[in-house]
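Here the structure comes first, spelled out in structure tokens, and everything after it is commentary.
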Number of protein chains: 2
Amino acid sequence: MNVNIRGLSRCELETLKTQLDAAYADFRARKLKLDMSRGKPAPDQLDACSGILTSPFGSFRAEDGTDARNYGVLEGLPEAKRYFGELLGLDPARIIVGGSASLNLMYDMMMRLYVFGVGGNPPWRKCGKVKFLCPSPGYDRHFAITEELGFEMIVVPMTPTGPDMDEVERLVADPEVKGIWCVPLYSNPQGVCYSDETVKRLGRMKCAAPDFKIFWDNAYGVHHLYGETPLCDIFEACEAGGNPERAYYFFSTSKITFPGGGVSIFATGYGEHAEIVRRLGIQTISYDKLNQLRTVRFLKDKATTMKHMEKMAEFLRPKFDTVLSALERELAGTGLAEWTNPRGGYFVAVDVLPGCAKRVVELAADAGVKLTGAGATYPLHRDPADSNLRIAPSYPSVAELAQAMELFCLAVKLAAVEKLLNA
Amino acid sequence: MNVNIRGLSRCELETLKTQLDAAYADFRARKLKLDMSRGKPAPDQLDACSGILTSPFGSFRAEDGTDARNYGVLEGLPEAKRYFGELLGLDPARIIVGGSASLNLMYDMMMRLYVFGVGGNPPWRKCGKVKFLCPSPGYDRHFAITEELGFEMIVVPMTPTGPDMDEVERLVADPEVKGIWCVPLYSNPQGVCYSDETVKRLGRMKCAAPDFKIFWDNAYGVHHLYGETPLCDIFEACEAGGNPERAYYFFSTSKITFPGGGVSIFATGYGEHAEIVRRLGIQTISYDKLNQLRTVRFLKDKATTMKHMEKMAEFLRPKFDTVLSALERELAGTGLAEWTNPRGGYFVAVDVLPGCAKRVVELAADAGVKLTGAGATYPLHRDPADSNLRIAPSYPSVAELAQAMELFCLAVKLAAVEKLLNA
């Protein structure tokens with residue numbers, strides 16, 4: 001059992017600091033070079049997908065006879081739409097199959113709203129101030145898009161069932177609030193899964209902006225580690241609430257097959273679909289249908305994909321276990337950190353003592369372990385408490401991760417002790 | 001030798017019309033179903049590229065050790081940059097390797113200029129009226145982008161050496177004129193190649209707008225049919241003229257390997273490169289590096305690619321010959337049409353009697369041959385003379401094309417005779 005470090009006397013803290021400094025010096029001497037900064041699949045996961053690349057391509061024709069090697073079929077091949085529809089419980093008619101990056105689809109949709117407006121609403125660039133809800137901690141690349149467009153980003157606290165919905169409902173009464181970023185399953189970085197009630201409230205809440213949009217990035221929609229967590233259908237929730245065009249749904253195979261080499265999709269309300277496809281048709285002629293065929297032939301159907309994801313989970317579980325057991329062993333009871341126990345996804349979030357997160361990242365970096373930058377999980381990289389850290393356990397091996405976590409916990413303690421001594 | 005139909009008497013025209021009507025009725029009875037509307041490679045061309053899909057993938061690692069199956073390397077793999085650099089005579093440091101569509105790169109760059117501005121200049125959305133020069137006839141998808149953004153599109157006549165540069169130089173004295181669309185080699189649809197003097201004048205001309213941009217879509221840069229046509233280096237021309245950031249250079253393998261399934265590139269001035277890459281990094285994490293490897297390993301280097309393009313030319317030359325010999329046989333000397341003799345690219349442009357182009361397309365369509373819509377080669381689909389038609393000979397077989405061209409020439413005559421009788 002660990003002692004509560006916050007309860008130590010100054011003298012005890014000094015003693016502890018001497019021990020921690022020595023341990024830290026040892027670590028630095030090991031000259032580690034590990035990266036826990038981004039949610040990248042490990043090589044063994046990628047190897048388990050390499051059938052996509054190594055198996056014979058087969059026919060170049062899609063099931064409707066389309067030659068996938070030539071121009072055409074802007075919205076995606078029928079088998080690709082059907083595949084994603086089955087996998088995610090989406091009507092294929094809602095789906096546009098994109099290129100290798102769902103982030104790009106999100107960015108493009110935000111640009112359409114900003115430059116052109118959608119559904120007869122004025123473009124956001126003409127709306128004066130635009131505010132966007134950013135449940136935080138959240139995904140830095142989401143926030144970077146709304147930052148790029150100069151939107152005011154409003155931090156909404158996360159709860160174990162999703163964003164604080166009382167706060168969200170209060171905020172959307174402001175007509176300048178135009179949308180919200182959501183990662184509804186195994187959220188980045190906490191692994192929060194939105195409850196049915198959260199999804200339903202998002203669908204039915206009264207928004208002052210008629211073109212309020214939910215950017216529903218279901219990035220980890222099938223990325224379960226310990227069995228399936230159900231997720232309420234956002235389109236149904238929006239329709240039930242009388243807001244059928246409220247949600248844009250994004251998904252990709254980046255963490256099912258190859259990051260940056262998979263297939264992304266974008267699903268919309270029925271009312272806006274044709275308009276979005278028309279604008280998309282100005283932007284490009286068609287996405288890479290060969291990769292659609294390749295990917296869908298490998299992943300086949302929901303059953304095959306879930307089996308594949310179970311294989312992926314077998315690679316990932318020991319890594320999550322390594323992270324969580326290190327946190328438990330080193331930090332439980334110390335009063336220095338709180339963390340989540342995600343049931344899927346790619347991240348573990350740790351809250352350290354306020355004012356210590358940046359220092360932890362610095363200490364880890366100086367000893368050769370790269371963490372996601374402190375603050376990255378908040379808009380403008382500003383964590384008001386300087387407390388939240390994101391651990392991305394997927395890329396290193398279990399052995400490397402064990403070392404990195406040992407250092408991480410040491411850095412958390414060292415930063416805290418420094419802080420307590422300077423208080 | 002054909003008679004000059006414009007010199008016929010009313011009575012002779014009536015007789016001719018009776019013959020043409022009969023021939024046209026015969027054609028309709030054949031129930032053709034041919035498409036000459038878009039510049040799509042034919043299946044045999046695609047088959048000649050299928051090694052990309054059927055040969056073993058080989059190592060997933062790029063030459064610098066990057067695992068192409070994972071995230072990263074936003075600007076493109078080093079071997080891809082080097083390959084395109086050698087092929088096109090571009091410094092690899094200028095190059096960003098994109099996804100499967102150069103049109104998308106053009107659209108995205110136009111959006112950056114519109115929304116954010118580049119190089120310290122204000123965004124075009126804040127510039128009041130924006131005018132864009134559209135050498136016409138030109139590429140409909142270019143014009144669709146500038147139409148989408150509400151720019152005023154100014155038609156600049158084409159000459160055998162490129163856009164009418166006296167006119168261009170006169171127009172760019174207007175600070176509202178912000179850019180020009182260019183397809184410098186084998187232009188779509190006329191097959192015009194810009195002379196050295198044209199390129200140099202584009203580079204050095206005095207533009208009132210400090211952020212005047214040349215969208216240099218070298219789509220057919222290596223798509224020679226009868227040996228290489230040299231093209232002056234646009235970056236050199238701009239640098240020599242003291243305007244090093246003036247040109248954006250686009251290219252893709254869409255008509256080298258697979259349309260919509262190849263690799264695109266975007267090259268910029270050195271001064272704006274970092275800024276553009278930074279904005280690109282908000283939009284996406286990385287493009288499909290697996291397809292970069294696949295494509296570059298197949299096309300290898302300039303010598304291999306030029307050999308491959310010679311094979312492509314062997315497929316295309318008989319088709320161009322079929323089109324041009326039909327035009328020569330049926331329409332030379334009739335006074336009803338003028339056309340170009342492209343030395344490369346994907347199109348032949350035909351100017352029919354003013355006021356007849358739409359009718360030709362209609363007559364062809366009613367007899368089962370789909371042509372590119374009349375007017376498509378002008379901004380807003382408005383050909384002021386209703387005269388220009390684009391023939392895309394690549395997709396049909398030579399035998400189909402021979403039939404389609406017979407019908408085309410018949411339709412040109414019939415539309416003209418109708419017009420002359422109604423005059």
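Labeling convention for the structure tokens: chains A, B, ... as they appear, residues from 1 per chain, ligands from 1 in order of appearance.
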
What residues in chain B lie within 9 Å of chain A, counting only C-alpha atoms, written as JSON, numbers by chain?
-> {"B": [40, 41, 42, 43, 46, 50, 53, 54, 55, 56, 57, 58, 67, 68, 69, 70, 71, 72, 99, 100, 101, 102, 103, 104, 105, 106, 107, 108, 111, 114, 115, 116, 125, 141, 142, 144, 145, 148, 149, 254, 257, 258, 259, 260, 261, 262, 279, 282, 283, 284, 285, 286, 287, 288, 289, 290, 291]}

Can you list, as a list in words, every protein, DNA or RNA residue that comes within 7 Å of A:Leu371 when you count only C-alpha atoms, leaving out same-chain residues fewer than 6 positions away?
-> Asp35, Met36, Ser37, Val361 and Ile391 of chain A

Selected residues written out, C-alpha atoms, as a PDB file, in the first residue's frame:
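Result file result_24.pdb:
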```
ATOM      1  CA  ASP A  35       7.206   7.190 -27.675  1.00  0.00           C
ATOM      2  CA  MET A  36       3.827   7.127 -25.965  1.00  0.00           C
ATOM      3  CA  SER A  37       2.645  10.326 -27.595  1.00  0.00           C
ATOM      4  CA  VAL A 361       6.025  15.636 -19.638  1.00  0.00           C
ATOM      5  CA  ILE A 391      -1.072   7.960 -22.250  1.00  0.00           C
TER       6      ILE A 391
END
```

Could you state the separation of atom CA of B:Cys182 and atom CA of B:Cys134 in Å, given to one decimal place?
-> 8.0 Å

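Between atom CA of B:Ala326 and atom CA of B:Pro354 the separation is 20.9 Å.
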
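Straight-line separation from atom CA of A:Lys81 to atom CA of A:Ala237: 21.7 Å.
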
Would you kindly return, as a PyMOL selection string, each protein, DNA or RNA residue with an atom no farther than 7 Å from any atom of B:Gly269, considering only C-alpha atoms and excluding same-chain residues fewer than 5 positions away?
-> chain B and resi 94+244-245+247

Selection near B:Cys11, 12 Å with only C-alpha atoms, sequence-local residues under 4 positions removed, as a VMD selection string | chain B and resid 5 7 15 to 18 417 420 to 421
